[in-house]
$ cat upload37.txt   # compact mmCIF, C-alpha atoms and all ligand atoms
# COMPACT_ATOMS: atom_id res chain seq x y z
CA MET A 1 -4.39 65.32 75.00
CA ASN A 2 -5.61 67.27 77.97
CA GLU A 3 -4.71 70.77 76.91
CA SER A 4 -7.92 72.52 77.69
CA SER A 5 -6.65 74.53 80.63
CA ALA A 6 -9.00 77.38 79.68
CA LEU A 7 -11.90 74.97 79.56
CA ASN A 8 -12.03 73.81 83.13
CA SER A 9 -15.79 73.78 83.61
CA PRO A 10 -17.15 70.33 84.57
CA ARG A 11 -19.90 70.75 81.95
CA LYS A 12 -18.73 70.63 78.34
CA ARG A 13 -20.57 72.32 75.50
CA ILE A 14 -20.29 70.34 72.32
CA ALA A 15 -21.40 71.36 68.84
CA VAL A 16 -22.58 68.44 66.70
CA ILE A 17 -22.38 68.78 62.90
CA PRO A 18 -23.40 65.52 61.18
CA GLY A 19 -22.92 67.00 57.67
CA ASP A 20 -23.58 64.88 54.58
CA GLY A 21 -23.94 61.25 53.52
CA ILE A 22 -22.81 58.75 56.13
CA GLY A 23 -21.92 61.67 58.42
CA LYS A 24 -25.63 61.69 59.24
CA GLU A 25 -25.47 58.00 60.18
CA VAL A 26 -22.18 57.76 62.06
CA ILE A 27 -22.52 60.92 64.17
CA PRO A 28 -25.73 59.79 65.94
CA GLU A 29 -23.83 56.62 66.93
CA ALA A 30 -20.87 58.66 68.19
CA VAL A 31 -23.31 60.78 70.19
CA LYS A 32 -24.91 57.63 71.64
CA VAL A 33 -21.51 56.40 72.80
CA LEU A 34 -20.26 59.74 74.11
CA LYS A 35 -23.46 60.17 76.12
CA ALA A 36 -22.93 56.72 77.63
CA ALA A 37 -19.31 57.56 78.46
CA ALA A 38 -20.26 60.90 80.02
CA ALA A 39 -23.01 59.22 82.07
CA VAL A 40 -20.76 56.47 83.37
CA GLY A 41 -18.15 59.04 84.41
CA GLY A 42 -20.73 61.38 86.00
CA ARG A 43 -19.97 64.09 83.44
CA GLU A 44 -22.32 66.62 81.95
CA VAL A 45 -22.42 67.35 78.22
CA ALA A 46 -24.59 69.96 76.52
CA LEU A 47 -25.04 69.04 72.86
CA THR A 48 -26.19 71.47 70.17
CA GLU A 49 -26.79 70.20 66.65
CA PHE A 50 -26.15 72.22 63.49
CA ASP A 51 -27.71 71.24 60.17
CA TRP A 52 -24.90 72.57 57.98
CA GLY A 53 -24.25 70.51 54.88
CA ALA A 54 -25.50 70.00 51.34
CA ASP A 55 -29.25 69.93 52.18
CA ARG A 56 -29.05 73.28 53.94
CA TYR A 57 -26.81 74.77 51.25
CA LEU A 58 -29.19 73.67 48.50
CA ARG A 59 -32.16 75.00 50.47
CA ASP A 60 -30.94 78.48 51.41
CA GLY A 61 -27.28 78.86 50.34
CA THR A 62 -25.88 78.63 53.90
CA THR A 63 -22.38 77.26 54.27
CA LEU A 64 -20.45 78.62 57.27
CA PRO A 65 -22.49 81.50 58.76
CA PRO A 66 -20.51 84.73 59.28
CA ASP A 67 -20.85 84.62 63.08
CA ALA A 68 -19.92 80.93 63.38
CA VAL A 69 -16.31 81.43 64.48
CA GLU A 70 -17.18 83.94 67.17
CA MET A 71 -20.04 81.69 68.34
CA PHE A 72 -17.79 78.61 68.62
CA HIS A 73 -15.17 80.54 70.57
CA ARG A 74 -17.80 81.97 72.89
CA ASP A 75 -20.27 79.15 73.38
CA PHE A 76 -18.48 75.83 72.79
CA ASP A 77 -15.64 73.70 74.10
CA ALA A 78 -15.43 71.30 71.16
CA ILE A 79 -17.04 70.33 67.88
CA ILE A 80 -17.73 66.88 66.48
CA LEU A 81 -18.31 66.66 62.73
CA GLY A 82 -19.30 63.80 60.44
CA ALA A 83 -18.28 64.52 56.85
CA MET A 84 -18.99 67.02 54.11
CA GLY A 85 -19.47 66.23 50.42
CA ASP A 86 -22.49 65.53 48.23
CA PRO A 87 -22.75 64.68 44.53
CA ARG A 88 -25.55 67.27 44.20
CA VAL A 89 -22.94 69.97 44.90
CA PRO A 90 -20.25 69.11 42.36
CA THR A 91 -18.13 72.15 43.23
CA ASN A 92 -18.00 70.99 46.87
CA ILE A 93 -18.20 74.68 47.77
CA HIS A 94 -20.20 74.10 50.96
CA ALA A 95 -17.72 71.48 52.16
CA ALA A 96 -14.73 73.73 51.50
CA ASP A 97 -16.40 76.71 53.18
CA ILE A 98 -17.40 74.74 56.28
CA LEU A 99 -14.45 72.39 56.77
CA LEU A 100 -11.54 74.47 55.57
CA GLY A 101 -13.30 77.57 56.94
CA LEU A 102 -13.38 76.08 60.43
CA ARG A 103 -9.82 74.78 60.23
CA PHE A 104 -8.43 78.12 59.09
CA LYS A 105 -10.68 80.54 60.96
CA LEU A 106 -10.47 78.68 64.30
CA ASP A 107 -6.72 78.36 63.59
CA LEU A 108 -6.80 74.60 64.22
CA TYR A 109 -3.15 74.18 63.37
CA VAL A 110 -2.71 70.62 64.61
CA ASN A 111 -4.20 67.75 62.66
CA ALA A 112 -3.72 64.72 64.90
CA ARG A 113 -4.25 61.28 63.39
CA PRO A 114 -3.56 58.31 65.65
CA CYS A 115 -2.80 55.11 63.74
CA VAL A 116 -3.40 52.30 66.23
CA LEU A 117 -3.97 48.70 65.18
CA PHE A 118 -6.63 47.08 67.41
CA ASP A 119 -6.39 43.60 65.94
CA LYS A 120 -3.63 42.13 63.80
CA ARG A 121 -6.19 40.63 61.40
CA LEU A 122 -7.00 44.15 60.20
CA THR A 123 -3.60 45.22 58.91
CA PRO A 124 -2.74 44.52 55.28
CA LEU A 125 0.90 44.02 56.33
CA LYS A 126 2.17 40.47 56.54
CA ASP A 127 3.32 39.21 59.98
CA ARG A 128 2.63 42.51 61.73
CA THR A 129 0.80 42.72 65.06
CA GLU A 130 -0.77 45.33 67.32
CA LYS A 131 2.60 46.34 68.76
CA ASP A 132 3.96 47.21 65.30
CA VAL A 133 1.34 49.78 64.33
CA ASN A 134 0.96 52.32 67.11
CA PHE A 135 1.94 55.84 66.15
CA VAL A 136 0.45 59.26 65.59
CA VAL A 137 0.83 61.57 62.60
CA PHE A 138 0.76 65.32 63.31
CA ARG A 139 -0.02 67.20 60.15
CA GLU A 140 0.29 70.98 59.90
CA ASN A 141 -3.29 72.04 59.26
CA THR A 142 -3.40 75.73 58.33
CA GLU A 143 -0.62 76.38 55.81
CA GLY A 144 1.26 74.65 53.01
CA LEU A 145 -0.39 73.98 49.69
CA TYR A 146 -3.89 74.22 51.21
CA VAL A 147 -4.05 78.00 51.69
CA GLY A 148 -5.53 78.48 48.22
CA MET A 149 -2.91 80.87 46.89
CA GLY A 150 -2.25 80.62 43.19
CA GLY A 151 -4.00 81.17 39.94
CA PHE A 152 -4.48 80.46 36.29
CA PHE A 153 -2.93 82.15 33.28
CA LYS A 154 -4.45 81.62 29.85
CA LYS A 155 -6.95 79.19 31.41
CA GLY A 156 -8.54 76.76 28.99
CA THR A 157 -5.98 77.35 26.24
CA PRO A 158 -3.14 75.07 25.15
CA ASP A 159 -0.73 77.57 26.78
CA GLU A 160 -2.46 77.37 30.16
CA ILE A 161 -0.40 77.82 33.32
CA ALA A 162 -1.64 76.99 36.84
CA THR A 163 0.26 77.89 40.00
CA GLN A 164 -0.31 76.73 43.60
CA GLU A 165 1.76 78.34 46.34
CA ASP A 166 3.26 76.36 49.21
CA VAL A 167 3.09 78.70 52.21
CA ASN A 168 5.34 77.93 55.21
CA SER A 169 5.65 80.52 57.97
CA ARG A 170 8.27 80.40 60.68
CA LYS A 171 5.49 80.62 63.29
CA GLY A 172 3.41 77.92 61.61
CA VAL A 173 6.26 75.44 61.21
CA GLU A 174 7.58 76.01 64.70
CA ARG A 175 4.27 75.57 66.49
CA ILE A 176 3.41 72.23 64.86
CA ILE A 177 6.92 70.84 65.41
CA ARG A 178 6.88 72.04 69.00
CA TYR A 179 3.41 70.54 69.53
CA ALA A 180 4.69 67.15 68.31
CA PHE A 181 7.69 67.27 70.65
CA ASP A 182 5.51 68.35 73.59
CA PHE A 183 3.12 65.49 72.85
CA ALA A 184 6.02 63.01 72.76
CA ARG A 185 7.32 64.35 76.08
CA ARG A 186 3.89 64.31 77.75
CA TYR A 187 3.08 60.76 76.71
CA GLY A 188 6.58 59.30 77.14
CA LYS A 189 7.06 58.63 73.43
CA LYS A 190 10.72 58.08 72.74
CA ARG A 191 10.96 58.67 68.99
CA LEU A 192 9.89 61.54 66.77
CA CYS A 193 10.38 61.65 63.01
CA MET A 194 10.04 64.86 61.00
CA SER A 195 9.34 64.35 57.33
CA ASP A 196 9.65 66.79 54.44
CA LYS A 197 10.93 67.03 50.89
CA SER A 198 13.75 69.48 51.58
CA ASN A 199 16.00 67.84 49.00
CA ALA A 200 13.70 69.19 46.27
CA LEU A 201 11.74 72.01 47.95
CA ALA A 202 14.79 74.09 48.76
CA PHE A 203 13.01 77.07 50.32
CA GLY A 204 9.85 76.06 52.16
CA HIS A 205 11.23 72.80 53.45
CA ASP A 206 14.61 74.31 54.21
CA LEU A 207 12.66 76.30 56.79
CA TRP A 208 11.26 73.01 58.19
CA GLN A 209 14.81 71.68 58.46
CA ARG A 210 16.16 74.71 60.29
CA VAL A 211 13.24 74.93 62.72
CA PHE A 212 13.36 71.18 63.42
CA LYS A 213 17.10 71.26 64.19
CA GLN A 214 16.60 74.17 66.56
CA VAL A 215 13.54 72.86 68.41
CA ARG A 216 14.87 69.33 68.90
CA THR A 217 17.73 70.63 71.06
CA GLU A 218 15.11 71.48 73.69
CA TYR A 219 13.96 67.84 73.90
CA PRO A 220 17.19 65.87 74.45
CA GLU A 221 15.34 62.82 75.85
CA ILE A 222 13.52 62.27 72.53
CA THR A 223 15.30 60.59 69.63
CA ALA A 224 14.52 62.98 66.79
CA THR A 225 15.13 61.80 63.24
CA HIS A 226 14.35 63.02 59.75
CA GLN A 227 13.10 61.12 56.70
CA TYR A 228 12.25 62.47 53.28
CA ILE A 229 8.56 61.83 52.58
CA ASP A 230 9.18 59.22 49.87
CA ASN A 231 11.37 57.24 52.26
CA LEU A 232 8.92 57.74 55.14
CA LEU A 233 6.04 56.20 53.17
CA MET A 234 8.22 53.25 52.21
CA GLN A 235 9.39 52.80 55.82
CA MET A 236 5.81 52.95 57.14
CA VAL A 237 5.01 49.93 54.98
CA ARG A 238 8.34 48.14 55.50
CA ASP A 239 8.51 48.53 59.29
CA PRO A 240 5.90 50.74 61.00
CA SER A 241 7.20 49.73 64.43
CA GLN A 242 10.02 52.27 64.08
CA PHE A 243 7.56 55.18 64.54
CA ASP A 244 6.00 56.74 67.64
CA VAL A 245 5.37 60.32 66.48
CA ILE A 246 5.54 61.68 62.93
CA VAL A 247 5.29 65.39 62.17
CA THR A 248 5.03 66.88 58.69
CA SER A 249 3.44 69.48 56.45
CA ASN A 250 -0.19 69.77 55.35
CA LEU A 251 -0.08 67.90 52.03
CA LEU A 252 2.52 65.34 53.08
CA GLY A 253 0.62 64.68 56.31
CA ASP A 254 -2.63 64.23 54.41
CA ILE A 255 -0.99 61.44 52.40
CA ALA A 256 1.04 59.85 55.21
CA SER A 257 -1.92 59.72 57.60
CA ASP A 258 -4.15 57.98 55.05
CA LEU A 259 -1.45 55.36 54.62
CA GLY A 260 -1.29 55.11 58.42
CA ALA A 261 -5.07 54.61 58.52
CA ALA A 262 -4.78 51.81 55.98
CA LEU A 263 -2.09 50.08 58.08
CA ALA A 264 -4.37 50.29 61.14
CA GLY A 265 -7.48 48.77 59.58
CA GLY A 266 -8.83 51.26 57.10
CA LEU A 267 -10.73 54.53 56.81
CA GLY A 268 -13.79 53.37 58.72
CA LEU A 269 -11.74 53.06 61.91
CA ALA A 270 -9.66 56.23 61.67
CA PRO A 271 -10.34 59.28 63.87
CA SER A 272 -8.74 62.72 63.74
CA GLY A 273 -8.52 65.90 65.78
CA ASN A 274 -8.18 69.43 64.44
CA ILE A 275 -6.74 71.19 67.44
CA HIS A 276 -5.72 74.59 68.70
CA PRO A 277 -4.42 73.80 72.18
CA GLY A 278 -6.56 75.41 74.85
CA LEU A 279 -9.25 76.61 72.42
CA VAL A 280 -12.37 75.12 70.86
CA SER A 281 -11.23 72.24 68.65
CA LEU A 282 -12.87 69.97 66.10
CA PHE A 283 -12.94 66.16 65.99
CA GLU A 284 -14.04 64.04 63.04
CA PRO A 285 -13.63 60.64 61.42
CA VAL A 286 -11.02 60.66 58.66
CA HIS A 287 -13.40 59.24 56.07
CA GLY A 288 -15.62 61.31 53.79
CA SER A 289 -19.37 61.23 53.23
CA ALA A 290 -19.23 57.95 51.23
CA PRO A 291 -22.25 58.61 48.99
CA ASP A 292 -21.90 55.08 47.58
CA ILE A 293 -23.06 53.54 50.88
CA ALA A 294 -25.03 56.41 52.44
CA GLY A 295 -28.47 55.62 53.87
CA LYS A 296 -27.94 51.86 53.95
CA ASN A 297 -27.04 51.41 57.63
CA ILE A 298 -23.76 49.73 56.65
CA ALA A 299 -21.22 52.53 57.33
CA ASN A 300 -18.71 51.85 60.06
CA PRO A 301 -19.32 54.35 62.89
CA MET A 302 -16.09 53.44 64.73
CA GLY A 303 -14.00 56.28 63.26
CA ALA A 304 -16.61 58.78 64.46
CA VAL A 305 -16.86 57.05 67.86
CA LEU A 306 -13.06 57.14 68.27
CA ALA A 307 -13.13 60.83 67.28
CA ALA A 308 -15.55 61.38 70.16
CA GLY A 309 -13.02 59.58 72.39
CA MET A 310 -10.24 61.90 71.18
CA MET A 311 -12.51 64.84 71.95
CA PHE A 312 -13.05 63.63 75.53
CA ALA A 313 -9.30 63.15 75.97
CA TYR A 314 -8.76 66.68 74.71
CA LEU A 315 -11.35 67.97 77.19
CA GLY A 316 -9.50 66.22 79.99
CA TRP A 317 -11.91 63.30 80.45
CA THR A 318 -9.23 60.69 80.02
CA ALA A 319 -10.92 57.75 81.79
CA GLU A 320 -14.05 58.19 79.65
CA ALA A 321 -11.88 58.51 76.53
CA GLN A 322 -10.12 55.28 77.45
CA ALA A 323 -13.46 53.54 77.98
CA ILE A 324 -14.52 54.52 74.46
CA GLN A 325 -11.28 53.27 72.93
CA ASP A 326 -11.45 50.03 74.93
CA ALA A 327 -15.01 49.43 73.73
CA VAL A 328 -14.00 49.82 70.08
CA ARG A 329 -11.02 47.53 70.58
CA ALA A 330 -13.28 44.93 72.18
CA ALA A 331 -15.84 45.23 69.37
CA VAL A 332 -13.14 44.71 66.76
CA ARG A 333 -11.71 41.68 68.59
CA GLU A 334 -15.12 40.13 69.17
CA GLY A 335 -16.24 40.65 65.58
CA LYS A 336 -18.96 43.15 66.46
CA THR A 337 -18.12 44.90 63.22
CA PRO A 338 -19.69 46.00 59.93
CA ALA A 339 -19.22 44.17 56.65
CA GLU A 340 -16.17 46.28 55.74
CA LEU A 341 -14.32 44.66 58.66
CA GLY A 342 -15.71 41.20 58.05
CA GLY A 343 -18.68 41.36 60.45
CA SER A 344 -22.41 41.57 59.90
CA LEU A 345 -23.64 44.37 62.17
CA GLY A 346 -25.28 47.51 60.88
CA THR A 347 -24.25 51.05 61.82
CA ARG A 348 -26.90 51.44 64.53
CA ALA A 349 -26.30 48.00 66.05
CA ILE A 350 -22.60 48.78 66.41
CA GLY A 351 -23.42 52.09 68.12
CA ASP A 352 -25.74 50.23 70.51
CA TRP A 353 -23.10 47.61 71.25
CA LEU A 354 -20.42 50.22 71.91
CA ALA A 355 -22.68 52.36 74.11
CA ASP A 356 -23.58 49.26 76.12
CA ALA A 357 -19.92 48.26 76.47
CA VAL A 358 -19.00 51.76 77.64
CA SER A 359 -21.89 51.79 80.14
CA LYS A 360 -20.60 48.54 81.64
CA SER A 361 -16.97 49.69 81.67
CA GLY A 362 -16.90 50.84 85.28
CA VAL A 363 -15.18 54.18 84.69
CA PRO A 364 -14.65 55.66 88.14
CA HIS A 365 -17.35 58.26 88.81
CA SER A 366 -15.79 61.70 88.60
CA ALA A 367 -18.11 63.40 91.07
N1 LIG X 401 -13.46 65.39 56.08
C1 LIG X 401 -14.41 65.25 55.18
O1 LIG X 401 -15.55 65.70 55.37
C2 LIG X 401 -14.13 64.52 53.90
C3 LIG X 401 -13.00 63.71 53.77
C4 LIG X 401 -12.81 62.99 52.59
C5 LIG X 401 -13.74 63.10 51.56
N2 LIG X 401 -14.82 63.92 51.71
C6 LIG X 401 -15.87 64.03 50.69
O2 LIG X 401 -16.64 62.82 50.75
C7 LIG X 401 -17.15 62.52 49.44
C8 LIG X 401 -16.77 61.12 49.05
O3 LIG X 401 -15.34 61.05 48.97
P1 LIG X 401 -14.51 59.71 48.74
O4 LIG X 401 -15.39 58.67 48.13
O5 LIG X 401 -13.24 60.06 48.09
O6 LIG X 401 -14.07 59.25 50.21
P2 LIG X 401 -14.90 58.47 51.33
O7 LIG X 401 -14.05 58.40 52.53
O8 LIG X 401 -16.23 59.10 51.52
O9 LIG X 401 -15.12 57.00 50.73
C9 LIG X 401 -14.05 56.22 50.21
C10 LIG X 401 -14.47 54.74 50.20
O10 LIG X 401 -14.43 54.25 51.54
C11 LIG X 401 -15.72 53.79 51.93
N3 LIG X 401 -15.96 54.26 53.29
C12 LIG X 401 -15.66 55.49 53.78
N4 LIG X 401 -16.02 55.58 55.06
C13 LIG X 401 -16.57 54.42 55.39
C14 LIG X 401 -17.16 53.90 56.57
N5 LIG X 401 -17.25 54.64 57.70
N6 LIG X 401 -17.64 52.65 56.56
C15 LIG X 401 -17.55 51.89 55.46
N7 LIG X 401 -17.00 52.30 54.31
C16 LIG X 401 -16.53 53.55 54.27
C17 LIG X 401 -16.71 54.41 50.97
O11 LIG X 401 -17.87 53.61 50.84
C18 LIG X 401 -15.88 54.53 49.71
O12 LIG X 401 -15.96 53.34 48.97
C19 LIG X 401 -16.59 63.60 48.52
O13 LIG X 401 -17.54 64.61 48.37
C20 LIG X 401 -15.37 64.12 49.26
O14 LIG X 401 -15.04 65.43 48.92
C21 LIG X 401 -15.04 64.62 52.87
$ encode --input "upload37.txt" --output "structure tokens"
Amino acid sequence: MNESSALNSPRKRIAVIPGDGIGKEVIPEAVKVLKAAAAVGGREVALTEFDWGADRYLRDGTTLPPDAVEMFHRDFDAIILGAMGDPRVPTNIHAADILLGLRFKLDLYVNARPCVLFDKRLTPLKDRTEKDVNFVVFRENTEGLYVGMGGFFKKGTPDEIATQEDVNSRKGVERIIRYAFDFARRYGKKRLCMSDKSNALAFGHDLWQRVFKQVRTEYPEITATHQYIDNLLMQMVRDPSQFDVIVTSNLLGDIASDLGAALAGGLGLAPSGNIHPGLVSLFEPVHGSAPDIAGKNIANPMGAVLAAGMMFAYLGWTAEAQAIQDAVRAAVREGKTPAELGGSLGTRAIGDWLADAVSKSGVPHSA
């Protein structure tokens, strides 16, 4: 995903936000691996860490500082984030402010979630192999049911009513659909499936239908199909090999991409990108802060490491990105994994192994 035409400097400025729970364990491992990949490719990274998360919020009330968006646009090329969420903040207000704040205020309208199976032993599907699970879900990331429009009427009474608005703009729908088609064209993907619930959501998803039918005429080489979301989820389980690129709305993409992650080996291995092409973008593992296992050195850092790989690909460092992905694939195949994937290595040992594998990968020196 080398779209950073405005970011052509050889030195990349990366903001590091570990966040809460296992975010604070997996991000140091991702940083270890990305430093190794940058070094082996002769690249320069400038890392700046931010302590935003529950500890900081509980200490001084800081969530997303008012100047954060301007600062990221001015001073950074990309952001890597661990996870937000802490049982000591039951409202999750800091997480919503920071995560949704960054997604909305940086206008990161593409949520990219690759679902790639590295080893057939990891999929819960019977008789499926690596070639069957290899697709990407593009989820609209700034609209839909996540904009927070709605309200309560007669809250707390037996007559209570709650509304939640599903916001779909022509601009918002068109840019995510177009992004998915452009991605398919750029990477030679032959099939694109748009998914919605237009049979029931006759206004918002009618817009998705009309935009999709218009945009697909510009990409005649790509086989563009449509599936209602209920059918899509069933088809992903029945035969995931029929998908290369899936594009859908915010809520539906949230659900479909978690299913995709499960098909590809689970949450611990799933990376994601929150992207505005050409502008500062944010990369993170799909999993949350996992308070149940935090601080035990057993979290799988591979999702965070793969997110760092996606970030490098976005920044145009494709050989280094490939080296990171190859190292994770090798670790999975050689059983250099945490307990959740059947291995016995701790979080830090996996980071060490991956950094070492990347250092030995022989990425051609960029200089
Ligand atoms: N993007 C984010 O920051 C994000 C995403 C999801 C959830 N959350 C937050 O995280 C907190 C916990 O949420 P949850 O429990 O629903 O989801 P979770 O992803 O944190 O955990 C779900 C389950 O998967 C396991 N798990 C997750 N990541 C793992 C890893 N890397 N290695 C091994 N096991 C792993 C956990 O131990 C847990 O049993 C909540 O506060 C939630 O709001 C944040």
$ closest_atom_pairs --input "upload37.txt" --of "chain A" --to "ligand LIG 401 (chain X)" --cutoff "6 Å" --atoms "only C-alpha atoms and all ligand atoms" --output "tab-separated table"
residue	atom	partner	partner_atom	distance
A:Ala83	CA	X:LIG401	O1	3.3
A:Met84	CA	X:LIG401	O1	3.9
A:Gly85	CA	X:LIG401	O13	3.2
A:Asp86	CA	X:LIG401	O13	5.0
A:Leu267	CA	X:LIG401	N4	5.7
A:Gly268	CA	X:LIG401	N5	3.8
A:Val286	CA	X:LIG401	N1	5.9
A:His287	CA	X:LIG401	O7	3.7
A:Gly288	CA	X:LIG401	O8	3.2
A:Ser289	CA	X:LIG401	O2	4.0
A:Ala290	CA	X:LIG401	O8	3.2
A:Asp292	CA	X:LIG401	O11	5.4
A:Ile293	CA	X:LIG401	O11	5.2
A:Ala299	CA	X:LIG401	N6	3.7
A:Asn300	CA	X:LIG401	N6	3.7
A:Pro301	CA	X:LIG401	N5	5.6
A:Glu340	CA	X:LIG401	C15	5.8
$ closest_residue --input "upload37.txt" --among "A:Pro66, A:Gly156, A:Gly351, A:Pro114" --to "Leu102 in chain A" --atoms "only C-alpha atoms"
A:Pro66
$ residues_around --input "upload37.txt" --residues "Ser241 in chain A" --least-positions-apart "3" --cutoff "12 Å" --atoms "all atoms listed in the file" --output "short mmCIF file (atom, residue, chain, number, x, y, z; two decimals) with C-alpha atoms, keeping the file's coordinate frame"
data_model
loop_
_atom_site.label_atom_id
_atom_site.label_comp_id
_atom_site.auth_asym_id
_atom_site.auth_seq_id
_atom_site.Cartn_x
_atom_site.Cartn_y
_atom_site.Cartn_z
CA CYS A 115 -2.80 55.11 63.74
CA VAL A 116 -3.40 52.30 66.23
CA LEU A 117 -3.97 48.70 65.18
CA LEU A 125 0.90 44.02 56.33
CA ARG A 128 2.63 42.51 61.73
CA THR A 129 0.80 42.72 65.06
CA GLU A 130 -0.77 45.33 67.32
CA LYS A 131 2.60 46.34 68.76
CA ASP A 132 3.96 47.21 65.30
CA VAL A 133 1.34 49.78 64.33
CA ASN A 134 0.96 52.32 67.11
CA PHE A 135 1.94 55.84 66.15
CA VAL A 136 0.45 59.26 65.59
CA ARG A 191 10.96 58.67 68.99
CA GLN A 235 9.39 52.80 55.82
CA MET A 236 5.81 52.95 57.14
CA VAL A 237 5.01 49.93 54.98
CA ARG A 238 8.34 48.14 55.50
CA ASP A 244 6.00 56.74 67.64
CA VAL A 245 5.37 60.32 66.48
CA GLY A 260 -1.29 55.11 58.42
CA LEU A 263 -2.09 50.08 58.08
#
$ atom_distance --input "upload37.txt" --atom1 "CA of Thr63 in chain A" --atom2 "CA of His94 in chain A"
5.1 Å
$ closest_residue --input "upload37.txt" --among "A:Ser195, A:Gln214, A:Asn250, A:Thr123" --to "Tyr146 in chain A" --atoms "only C-alpha atoms"
A:Asn250
$ residues_around --input "upload37.txt" --residues "Tyr228 in chain A" --least-positions-apart "2" --cutoff "9 Å" --atoms "all atoms listed in the file" --output "list in words"
Met194, Ser195, Asp196, Lys197, Ser198, Asn199, His226, Asp230, Asn231, Leu232 and Leu233 of chain A
$ atom_distance --input "upload37.txt" --atom1 "CA of Arg210 in chain A" --atom2 "CA of Asp166 in chain A"
17.1 Å
$ closest_residue --input "upload37.txt" --among "A:Asp107, A:Asp55, A:Glu174, A:Asp60" --to "His276 in chain A" --atoms "all atoms listed in the file"
A:Asp107
$ closest_residue --input "upload37.txt" --among "A:Gly101, A:Gly309, A:Pro87, A:Pro220" --to "Val147 in chain A" --atoms "only C-alpha atoms"
A:Gly101
$ closest_residue --input "upload37.txt" --among "A:Ala95, A:Leu354, A:Leu34, A:Met71" --to "Gly53 in chain A" --atoms "only C-alpha atoms"
A:Ala95
$ atom_distance --input "upload37.txt" --atom1 "CA of His73 in chain A" --atom2 "CA of Lys105 in chain A"
10.6 Å
$ closest_residue --input "upload37.txt" --among "A:Ala202, A:Ala349, A:Leu64, A:Leu207" --to "Glu25 in chain A" --atoms "all atoms listed in the file"
A:Ala349
$ axis_aligned_box --input "upload37.txt" --around "range 299-309 of chain A" --padding-each-side "5 Å" --output "lines of an AutoDock Vina configuration file"
center_x = -17.1
center_y = 56.6
center_z = 64.9
size_x = 18.2
size_y = 19.5
size_z = 25.1
$ residues_around --input "upload37.txt" --residues "Ala180 in chain A" --least-positions-apart "6" --cutoff "9 Å" --atoms "all atoms listed in the file" --output "ChimeraX atom specification"
/A:110,137-138,192,245-247
$ residues_around --input "upload37.txt" --residues "Thr62 in chain A" --least-positions-apart "3" --cutoff "10 Å" --atoms "all atoms listed in the file" --output "PDB file with C-alpha atoms, in the coordinates of the input"
ATOM      1  CA  ASP A  51     -27.710  71.240  60.170  1.00  0.00           C
ATOM      2  CA  TRP A  52     -24.900  72.570  57.980  1.00  0.00           C
ATOM      3  CA  GLY A  53     -24.250  70.510  54.880  1.00  0.00           C
ATOM      4  CA  ALA A  54     -25.500  70.000  51.340  1.00  0.00           C
ATOM      5  CA  ASP A  55     -29.250  69.930  52.180  1.00  0.00           C
ATOM      6  CA  ARG A  56     -29.050  73.280  53.940  1.00  0.00           C
ATOM      7  CA  TYR A  57     -26.810  74.770  51.250  1.00  0.00           C
ATOM      8  CA  LEU A  58     -29.190  73.670  48.500  1.00  0.00           C
ATOM      9  CA  ARG A  59     -32.160  75.000  50.470  1.00  0.00           C
ATOM     10  CA  PRO A  65     -22.490  81.500  58.760  1.00  0.00           C
ATOM     11  CA  PRO A  66     -20.510  84.730  59.280  1.00  0.00           C
ATOM     12  CA  HIS A  94     -20.200  74.100  50.960  1.00  0.00           C
ATOM     13  CA  ASP A  97     -16.400  76.710  53.180  1.00  0.00           C
ATOM     14  CA  ILE A  98     -17.400  74.740  56.280  1.00  0.00           C
TER      15      ILE A  98
END
$ decode --input "upload37.txt" --residues "range 92-98 of chain A" --atoms "N, CA, C and O atoms" --output "compact mmCIF listing (two decimals), in the first residue's frame"
# COMPACT_ATOMS: atom_id res chain seq x y z
N ASN A 92 -14.89 3.67 29.45
CA ASN A 92 -14.02 3.58 28.28
C ASN A 92 -13.85 4.93 27.57
O ASN A 92 -13.48 4.98 26.39
N ILE A 93 -14.09 6.00 28.31
CA ILE A 93 -14.11 7.33 27.69
C ILE A 93 -12.76 7.69 27.07
O ILE A 93 -12.70 8.26 25.97
N HIS A 94 -11.66 7.30 27.74
CA HIS A 94 -10.34 7.65 27.19
C HIS A 94 -10.10 6.91 25.88
O HIS A 94 -9.56 7.46 24.93
N ALA A 95 -10.54 5.64 25.84
CA ALA A 95 -10.35 4.84 24.63
C ALA A 95 -11.14 5.43 23.47
O ALA A 95 -10.63 5.58 22.36
N ALA A 96 -12.39 5.79 23.74
CA ALA A 96 -13.23 6.36 22.68
C ALA A 96 -12.64 7.68 22.18
O ALA A 96 -12.53 7.91 20.97
N ASP A 97 -12.21 8.53 23.15
CA ASP A 97 -11.65 9.83 22.75
C ASP A 97 -10.41 9.65 21.88
O ASP A 97 -10.23 10.32 20.87
N ILE A 98 -9.54 8.73 22.30
CA ILE A 98 -8.25 8.60 21.60
C ILE A 98 -8.44 7.86 20.27
O ILE A 98 -8.09 8.36 19.19
